[in-house]
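Notes follow the structure.
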Amino acid sequence: MQAQPQSYATINYRGDTTPRPTRNMQSGVRKLPSIIESHDILRGTRGTYEIEKEVGSGGMAEVYLGRHTDSNWPVAIKVAKAAAHDNFIEREYNALASVKHENVVSVYDGGFVDGRKFIVMEYLEGKDLYTYIHAAMVDRPDAPVEPDAAVAITLQVLAALEAVHKAQLVHADVKPTNVFLAESQDSTKVKILDFGLSSTFSECAKSSAIFGTPGFMAPEQAAGRPFSPKSDIYAVGVLLYTMLTGQEPFSGSDSQIVEQTISSYPPPLEAKCDDLPAELVDTVNKAMEKDPEKRFRDATEFREQLERILFALDSS
């Protein structure tokens with residue numbers, strides 16, 4: 001897992017779990033031992049890891065590049081910043097351990113180090129979607145990502161969420177910095193990251209807390225009401241809107257964005273991108289409906305609709 005850049009205005013109401021790079025990675029950070037071992041804390045002892053360097057830091061966690069000492073295989077090691085943040089690390093571990101899918105980052109191991117919980121994940125090379133969008137805006141500031149590319153990326157995000165929802169989980173924090181474009185020699189694969197805010201269906205049904213990222217959390221999340229997989233569908237709609245326009249639907253302070261999410265409709269997509277196919281515009285609008293019951297039934301229905309649109313785009 002690579003370091004994350006600064007996001008739009010993404011302060012999670014229940015705590016920002018996405019690690020981000022700092023100018024001086026070691027400033028104010030307790031130095032970890034050069035070798036750490038898993039201790040059967042989460043799922044069982046599996047290995048010993050050498051810490052190479054810190055690659056990211058956020059409000060809840062630090063991420064290090066490490067290597068499995070037996071295989072020399074590179075790994076990402078995510079460590080809670082303090083024991084008070086251990087629950088986010090354990091929540092992420094348990095979520096990732098229950099979801100095995102090519103579009104979801106893999107978790108390998110976990111344990112304790114320096115009195116804090118850590119998890120070991122696959123190390124990804126590439127860039128997150130935030131970086132991808134802003135690089136594209138250099139040449140296309142008002143419509144950074146071509147519709148076919150935006151739809152293709154979204155299809156992989158939805159494939160990941162199908163697996164997440166099948167595991168009775170809601171990600172609850174889908175946003176550009178949590179969507180990673182992992183690059184290999186001959187392909188790019190989308191990976192969903194950061195499950196620190198993920199919730200089980202039963203937790204979602206009883207929730208009254210406001211958490212998520214302003215601008216990407218669904219109206220029901222923003223209002224502190226029970227939420228569901230359809231809340232992830234809303235976030236994917238915002239993701240697609242942002243790729244196509246280069247802007248989030250709402251702007252302002254976090255509290256202003258939350259209020260707009262609950263009570264206002266965003267600027268029409270067709271007004272910002274008047275050359276988009278009408279079916280694509282309708283699809284984004286349906287995903288972003290205020291009423292969850294008016295959104296797509298599930299991630300599968302959303303994905304199948306986008307597959308039809310991508311076929312039409314490729315055929316035109």
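Labeling convention for the structure tokens: chains A, B, ... as they appear, residues from 1 per chain, ligands from 1 in order of appearance.
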Original post:
Running DSSP on the backbone, which parts of stretch 105-199 of chain A land in alpha helix (DSSP H), as a PyMOL selection string?
Top reply: chain A and resi 129-136+147-166
Check which residues of stretch 95-144 of chain A sit at most 12 Å from stretch 220-240 of chain A using only C-alpha atoms, and return one row each with the closest pair of atoms and their distance in Å to one decimal, ordered by chain and rising number, as a Markdown table.
```
| residue | atom | partner | partner_atom | distance |
| --- | --- | --- | --- | --- |
| A:Leu129 | CA | A:Leu239 | CA | 9.3 |
| A:Tyr130 | CA | A:Leu239 | CA | 9.9 |
| A:Ile133 | CA | A:Leu239 | CA | 10.5 |
| A:Ala143 | CA | A:Leu240 | CA | 11.3 |
| A:Pro144 | CA | A:Leu240 | CA | 11.3 |
```
Those same residues - C-alpha atoms - I'd like them written as a PDB file, in the first residue's frame.
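Produced file result-v1.pdb, reproduced below:
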```
ATOM      1  CA  LEU A 129      -7.545   7.989  -7.600  1.00  0.00           C
ATOM      2  CA  TYR A 130      -7.134  11.462  -6.108  1.00  0.00           C
ATOM      3  CA  ILE A 133      -7.774  12.841 -11.169  1.00  0.00           C
ATOM      4  CA  ALA A 143     -13.639  17.024 -17.332  1.00  0.00           C
ATOM      5  CA  PRO A 144     -10.449  15.294 -16.203  1.00  0.00           C
TER       6      PRO A 144
END
```
Original post:
Could you pull out the strand (DSSP E or B) residues of stretch 11-207 of chain A from DSSP and send them as a ChimeraX atom specification?
Top reply: /A:20,35-37,48-57,61-68,74-80,104,107-113,116-122,126-128,169-170,179-183,188-192,199-200
Subject >> Contacts of A:Gly115 at 10 Å (only C-alpha atoms; same-chain gap of 3+ positions) as a PyMOL selection string >> reply: chain A and resi 80-83+86+111-112+118
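Shortest separation to A:Glu307 among A:Ala172, A:Ala182, A:Ala150, A:Leu276 occurs at residue A:Ala150, atoms counted being only C-alpha atoms.
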**OP:** Have a look at A:Ile262, A:Ala159, A:Ile89, A:Ala271 and name the one nearest to A:Asn103; count only C-alpha atoms.
**Re:** A:Ala159
**OP:** Kindly indicate which residue among A:Asn87, A:Thr177, A:Thr69, A:Gln168 lies nearest to A:Cys204, using only C-alpha atoms for the distances.
**Re:** A:Gln168
Original post:
What does the distance between atom CA of A:Asp173 and atom CA of A:Val281 come to in Å, to one decimal place?
Top reply: 23.1 Å
Using only C-alpha atoms, what table do you get, as JSON lines, when you list each residue of stretch 150-171 of chain A with an atom no more than 8 Å from stretch 293-299 of chain A, its nearest pair of atoms, and their distance in Å rounded to one decimal, rows by chain then rising number?
```
{"residue": "A:Leu158", "atom": "CA", "partner": "A:Ala299", "partner_atom": "CA", "distance": 5.7}
{"residue": "A:Ala159", "atom": "CA", "partner": "A:Ala299", "partner_atom": "CA", "distance": 7.5}
{"residue": "A:Leu161", "atom": "CA", "partner": "A:Ala299", "partner_atom": "CA", "distance": 6.6}
{"residue": "A:Glu162", "atom": "CA", "partner": "A:Ala299", "partner_atom": "CA", "distance": 5.6}
```
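The shortest atom-to-atom distance to A:Ala76, with only C-alpha atoms taken into account, belongs to A:Ile119 out of A:Leu269, A:Leu306, A:Ala61, A:Ile119.
Minimum atom-to-atom distances from A:Leu155, A:Thr213, A:Gly246, A:Tyr108 to A:Ala136 were compared using only C-alpha atoms, and the lowest value belongs to A:Gly246.
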Subject >> Surrounding residues of A:Tyr93 excluding itself and chain neighbours under 4 positions, 8 Å, only C-alpha atoms, as an MDAnalysis selection string >> reply: chainID A and resid 42 89 97 107 110 119 195
Would you save the residues from that selection as a PDB file, in the first residue's frame, using N, CA and C atoms?
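Wrote selection29.pdb, looks like this:
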```pdb
ATOM      1  N   LEU A  42      -4.353 -11.303  16.520  1.00  0.00           N
ATOM      2  CA  LEU A  42      -5.554 -11.167  15.705  1.00  0.00           C
ATOM      3  C   LEU A  42      -5.966 -12.482  15.059  1.00  0.00           C
ATOM      4  N   ILE A  89      -7.642  -0.473  13.748  1.00  0.00           N
ATOM      5  CA  ILE A  89      -6.756  -1.451  13.123  1.00  0.00           C
ATOM      6  C   ILE A  89      -7.394  -2.837  13.157  1.00  0.00           C
ATOM      7  N   ALA A  97      -9.938  -9.620   6.362  1.00  0.00           N
ATOM      8  CA  ALA A  97      -9.813 -11.076   6.475  1.00  0.00           C
ATOM      9  C   ALA A  97     -11.068 -11.790   5.995  1.00  0.00           C
ATOM     10  N   VAL A 107      -4.915  -8.676   3.201  1.00  0.00           N
ATOM     11  CA  VAL A 107      -4.267  -8.622   4.512  1.00  0.00           C
ATOM     12  C   VAL A 107      -3.638  -9.976   4.785  1.00  0.00           C
ATOM     13  N   GLY A 110      -1.099  -9.919  11.478  1.00  0.00           N
ATOM     14  CA  GLY A 110      -1.308  -8.847  12.436  1.00  0.00           C
ATOM     15  C   GLY A 110      -0.718  -9.184  13.780  1.00  0.00           C
ATOM     16  N   ILE A 119      -1.251  -4.345  11.343  1.00  0.00           N
ATOM     17  CA  ILE A 119      -1.653  -5.335  10.356  1.00  0.00           C
ATOM     18  C   ILE A 119      -0.664  -5.287   9.196  1.00  0.00           C
ATOM     19  N   PHE A 195     -10.301   0.050   5.486  1.00  0.00           N
ATOM     20  CA  PHE A 195     -11.555  -0.452   6.029  1.00  0.00           C
ATOM     21  C   PHE A 195     -11.704  -0.114   7.510  1.00  0.00           C
TER      22      PHE A 195
END
```
Subject >> d(atom CA of A:Thr283, atom CA of A:Gln305) in Å >> reply: 7.6 Å
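Here atom CA of A:Leu181 is placed at a distance of 25.4 Å from atom CA of A:Pro277.
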**OP:** Considering only C-alpha atoms, state which residue in the set A:Glu259, A:Glu90, A:Asp70, A:Asp314 is at the smallest distance from A:Gly196.
**Re:** A:Glu90
